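As provided, work_0.txt (compact mmCIF, C-alpha atoms) reads as follows.
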```
# COMPACT_ATOMS: atom_id res chain seq x y z
CA MET A 288 24.71 6.90 -94.85
CA GLN A 289 24.66 10.67 -95.28
CA PRO A 290 26.63 12.81 -92.84
CA PHE A 291 24.74 14.70 -90.17
CA ASN A 292 25.41 18.43 -90.25
CA ALA A 293 24.48 19.81 -86.86
CA ARG A 294 25.03 23.49 -87.55
CA ASN A 295 23.64 24.32 -84.11
CA LEU A 296 26.59 22.56 -82.40
CA PHE A 297 29.69 24.64 -81.78
CA ILE A 298 32.99 23.23 -80.57
CA VAL A 299 35.37 24.86 -78.11
CA THR A 300 38.74 23.10 -78.29
CA GLY A 301 42.44 23.58 -77.62
CA GLY A 302 45.03 22.19 -75.27
CA PRO A 303 44.44 21.57 -71.58
CA GLY A 304 44.71 24.50 -69.21
CA ALA A 305 43.76 27.20 -71.74
CA GLY A 306 40.51 28.14 -69.99
CA LYS A 307 37.99 26.04 -71.93
CA THR A 308 35.99 24.88 -68.92
CA THR A 309 35.78 28.39 -67.45
CA LEU A 310 34.64 29.71 -70.84
CA ILE A 311 32.02 26.97 -71.20
CA GLU A 312 30.69 27.80 -67.73
CA ALA A 313 30.46 31.50 -68.67
CA LEU A 314 28.61 30.62 -71.89
CA GLN A 315 26.19 28.46 -69.92
CA ALA A 316 25.59 31.31 -67.46
CA ALA A 317 24.84 33.54 -70.47
CA GLY A 318 22.07 31.15 -71.53
CA LEU A 319 23.72 28.89 -74.09
CA ALA A 320 23.21 25.15 -73.85
CA THR A 321 26.52 23.38 -73.22
CA ALA A 322 28.04 19.91 -73.12
CA PRO A 323 30.87 19.08 -70.70
CA GLU A 324 34.24 17.65 -71.66
CA ALA A 325 34.27 13.86 -71.93
CA GLY A 326 37.84 13.30 -70.77
CA ARG A 327 37.55 14.70 -67.27
CA ALA A 328 34.24 12.94 -66.58
CA ILE A 329 35.62 9.62 -67.80
CA ILE A 330 38.77 9.95 -65.70
CA ARG A 331 36.72 10.76 -62.57
CA ALA A 332 34.35 7.83 -63.14
CA GLN A 333 37.11 5.37 -63.98
CA ARG A 334 39.12 6.38 -60.91
CA ALA A 335 36.03 5.97 -58.71
CA ILE A 336 35.57 2.37 -59.87
CA ASP A 337 39.29 1.64 -60.36
CA GLY A 338 38.52 1.12 -64.05
CA PRO A 339 41.04 0.57 -66.84
CA ALA A 340 39.82 3.26 -69.31
CA ARG A 341 42.24 5.98 -68.24
CA PRO A 342 45.20 7.71 -69.89
CA ASP A 343 47.54 6.16 -67.31
CA ARG A 344 46.24 2.62 -67.92
CA ASP A 345 44.58 1.86 -71.27
CA ARG A 346 44.70 4.85 -73.60
CA ALA A 347 42.94 3.09 -76.48
CA LEU A 348 40.03 2.11 -74.25
CA TYR A 349 39.95 5.65 -72.83
CA ALA A 350 39.68 6.98 -76.41
CA GLU A 351 36.81 4.59 -77.16
CA LEU A 352 34.92 5.88 -74.14
CA MET A 353 35.59 9.45 -75.25
CA LEU A 354 34.16 8.63 -78.69
CA SER A 355 31.10 7.03 -77.14
CA TRP A 356 30.57 10.03 -74.88
CA GLU A 357 30.95 12.49 -77.78
CA LEU A 358 28.50 10.54 -79.96
CA ARG A 359 25.92 10.61 -77.19
CA SER A 360 26.51 14.32 -76.52
CA TYR A 361 26.20 15.00 -80.25
CA GLU A 362 22.84 13.24 -80.54
CA THR A 363 21.45 14.89 -77.41
CA ALA A 364 22.55 18.38 -78.45
CA ARG A 365 21.56 18.01 -82.10
CA ALA A 366 18.03 17.04 -81.10
CA GLY A 367 17.67 20.27 -79.11
CA GLY A 368 17.93 22.43 -82.23
CA ARG A 369 19.12 25.59 -80.49
CA PRO A 370 22.78 26.69 -80.38
CA HIS A 371 24.81 24.36 -78.20
CA VAL A 372 28.47 24.73 -77.23
CA CYS A 373 30.47 21.55 -76.69
CA ASP A 374 33.67 21.31 -74.65
CA ARG A 375 35.52 19.35 -77.34
CA GLY A 376 34.06 17.06 -80.00
CA ILE A 377 34.63 13.84 -81.91
CA PRO A 378 37.69 15.19 -83.80
CA ASP A 379 39.43 15.83 -80.46
CA THR A 380 39.64 12.06 -79.95
CA ILE A 381 41.52 11.77 -83.25
CA GLY A 382 43.87 14.54 -82.11
CA TYR A 383 44.41 12.76 -78.81
CA LEU A 384 45.31 9.44 -80.46
CA ARG A 385 47.70 11.14 -82.89
CA LEU A 386 49.31 13.04 -80.04
CA ILE A 387 50.07 9.87 -78.06
CA GLY A 388 51.15 7.89 -81.13
CA LEU A 389 48.29 5.39 -81.27
CA PRO A 390 46.60 4.51 -84.55
CA VAL A 391 43.26 6.15 -85.34
CA PRO A 392 40.75 3.35 -85.96
CA PRO A 393 38.68 3.60 -89.16
CA HIS A 394 35.41 3.81 -87.23
CA LEU A 395 36.66 6.94 -85.45
CA GLU A 396 37.63 8.56 -88.75
CA LYS A 397 34.19 7.65 -90.09
CA ALA A 398 32.51 9.16 -87.03
CA ALA A 399 34.39 12.45 -87.52
CA LEU A 400 33.26 12.59 -91.15
CA MET A 401 29.65 11.58 -90.46
CA PHE A 402 28.87 13.63 -87.37
CA ARG A 403 29.70 17.19 -88.37
CA TYR A 404 29.49 20.28 -86.19
CA ASN A 405 29.10 23.92 -87.17
CA GLU A 406 31.92 24.88 -89.49
CA THR A 407 33.11 27.52 -86.99
CA VAL A 408 35.26 25.94 -84.28
CA PHE A 409 36.49 28.09 -81.41
CA ILE A 410 40.06 27.19 -80.47
CA LEU A 411 41.86 28.42 -77.37
CA PRO A 412 45.61 28.82 -77.75
CA PRO A 413 47.98 27.78 -74.97
CA TRP A 414 48.15 30.33 -72.17
CA PRO A 415 51.17 29.66 -69.93
CA GLU A 416 50.16 32.33 -67.39
CA ILE A 417 46.97 30.48 -66.40
CA TYR A 418 48.14 26.90 -66.95
CA THR A 419 47.98 24.60 -63.91
CA VAL A 420 47.91 20.86 -63.30
CA ASP A 421 45.30 19.12 -61.16
CA THR A 422 44.08 15.62 -60.34
CA GLU A 423 42.65 15.14 -63.85
CA ARG A 424 45.12 17.24 -65.83
CA ALA A 425 48.60 15.80 -65.44
CA GLN A 426 50.08 17.09 -68.72
CA THR A 427 53.02 19.46 -68.79
CA LEU A 428 52.75 22.84 -70.50
CA ASP A 429 54.74 21.38 -73.42
CA GLU A 430 52.16 18.59 -73.76
CA ALA A 431 49.37 21.18 -73.59
CA GLU A 432 51.00 23.10 -76.45
CA ARG A 433 51.38 19.93 -78.52
CA THR A 434 47.72 19.08 -77.79
CA TYR A 435 46.69 22.49 -79.12
CA GLU A 436 48.67 21.85 -82.31
CA ALA A 437 47.11 18.39 -82.69
CA MET A 438 43.59 19.83 -82.34
CA ARG A 439 44.37 22.69 -84.73
CA ALA A 440 45.62 20.20 -87.31
CA VAL A 441 42.73 17.71 -87.09
CA TYR A 442 39.97 20.33 -87.27
CA THR A 443 41.70 22.04 -90.19
CA GLU A 444 42.10 18.71 -92.03
CA LEU A 445 38.40 18.01 -91.52
CA GLY A 446 37.47 21.32 -93.16
CA TYR A 447 36.41 23.35 -90.14
CA ARG A 448 37.08 27.08 -89.93
CA LEU A 449 39.08 27.85 -86.79
CA SER A 450 38.25 30.96 -84.81
CA PRO A 451 41.08 31.59 -82.31
CA VAL A 452 39.70 32.85 -79.00
CA PRO A 453 41.80 35.73 -77.65
CA ARG A 454 43.70 35.48 -74.38
CA ALA A 455 41.55 37.81 -72.33
CA GLU A 456 39.27 37.99 -69.31
CA VAL A 457 36.53 35.37 -69.37
CA GLU A 458 33.82 37.99 -70.12
CA GLU A 459 35.64 39.09 -73.26
CA ARG A 460 36.15 35.47 -74.34
CA ARG A 461 32.47 34.72 -73.65
CA ASP A 462 31.39 37.72 -75.75
CA PHE A 463 33.76 36.67 -78.55
CA VAL A 464 32.16 33.22 -78.74
CA LEU A 465 28.61 34.58 -78.40
CA ASP A 466 29.30 36.98 -81.28
CA GLY A 467 30.78 34.13 -83.34
CA VAL A 468 27.72 31.94 -82.70
CA ARG A 469 25.42 34.83 -83.70
CA LYS A 470 27.39 35.50 -86.91
CA ALA A 471 27.39 31.79 -87.81
CA ALA A 472 23.59 31.68 -87.33
CA GLU A 473 23.22 34.73 -89.61
CA ARG A 474 25.40 33.10 -92.30
CA GLN A 475 23.27 29.95 -92.11
CA ALA A 476 20.06 31.98 -92.41
CA ARG A 477 21.37 33.63 -95.59
CA ALA A 478 22.49 30.32 -97.12
```
Representation of the structure as structure tokens:
Amino acid sequence: MQPFNARNLFIVTGGPGAGKTTLIEALQAAGLATAPEAGRAIIRAQRAIDGPARPDRDRALYAELMLSWELRSYETARAGGRPHVCDRGIPDTIGYLRLIGLPVPPHLEKAALMFRYNETVFILPPWPEIYTVDTERAQTLDEAERTYEAMRAVYTELGYRLSPVPRAEVEERRDFVLDGVRKAAERQARA
């Protein structure tokens, strides 16, 4: 089967607590279609039903649910055709498994190769000054920094071009991503 190249799908990734969700919300308010992060939604749902697919219970099952969520988000967003910004993507699940020392199953590697996003991936570096923990984010700042490195490595290995988002007010970050999406669309139009 040929890989899907959804050039209209843009990933925002990085470690936890770097401002991804706030940025995604600002991009949505600016008119871009967005997809929420799988991890938080899964944790909330699994806690509500006392389910096992959580990082504190069954990490491999949690990763499978993240993959399933990302595949569904991918198909929904790809069908829309217009630019769409995703809070993480399929490769993030690979980064997560590597980070926690679990093997990456072959079907996950295949999914990351088959379901491709726009080559430009926006990555948010760790930002200690804004980092906080909450009911769904229990990682330490050190774990957040290692998560960033894991995401940087997996997206680079998969051939994506990383575009580091500056540490700045949300409006400046929003404009940085909007400009990057516009430039990517122009490159695609010329190709």
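For the set A:Leu314, A:Cys373, A:Ala350, A:Leu411, the residue with the smallest atom-to-atom gap to Gly301 in chain A is A:Leu411, counting all atoms listed in the file.
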* To do: Could you give me, as an MDAnalysis selection string, the residues within 9 Å of range 469-472 of chain A, counting all atoms listed in the file and dropping anything in the same chain fewer than 5 positions from it?
  => chainID A and resid 294:295 370 405:407 464 477
Query raised in the report: With all atoms listed in the file as the atoms that count, which of A:Ile381, A:Ile410, A:Ala431, A:Ala317 lies nearest to Val452 in chain A?
Result: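 Of A:Ile381, A:Ile410, A:Ala431, A:Ala317, the one nearest Val452 in chain A is A:Ile410, counting all atoms listed in the file.
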Notebook entry, point to check: So which residues touch Ile298 in chain A within 8 Å, counting only C-alpha atoms, skipping near sequence neighbours fewer than 2 positions away, as number ranges by chain?
Noted result: A: 296, 300, 372-376, 404-405, 407-409
**Asked** Residues at most 10 Å from Glu430 in chain A, counting only C-alpha atoms, excluding those fewer than 4 positions away in the same chain, as a VMD selection string?
**Response** chain A and resid 302 to 303 386 to 387 425 to 426 434 to 436
**Request:** Fewer than 3 positions away in the same chain doesn't count, so skip those; otherwise give me all residues within 9 Å of Leu395 in chain A, counting all atoms listed in the file, as a list in words.
**Result:** Glu351, Leu354, Ile377, Pro378, Thr380, Ile381, Val391, Pro392, Ala398, Ala399 and Leu400 of chain A
**Prompt:** So, counting all atoms listed in the file, which residue among A:Arg369, A:Ile417, A:Ala440, A:Asp429 is closest to Arg454 in chain A?
**Reply:**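 Counting all atoms listed in the file, the residue closest to Arg454 in chain A is A:Ile417.
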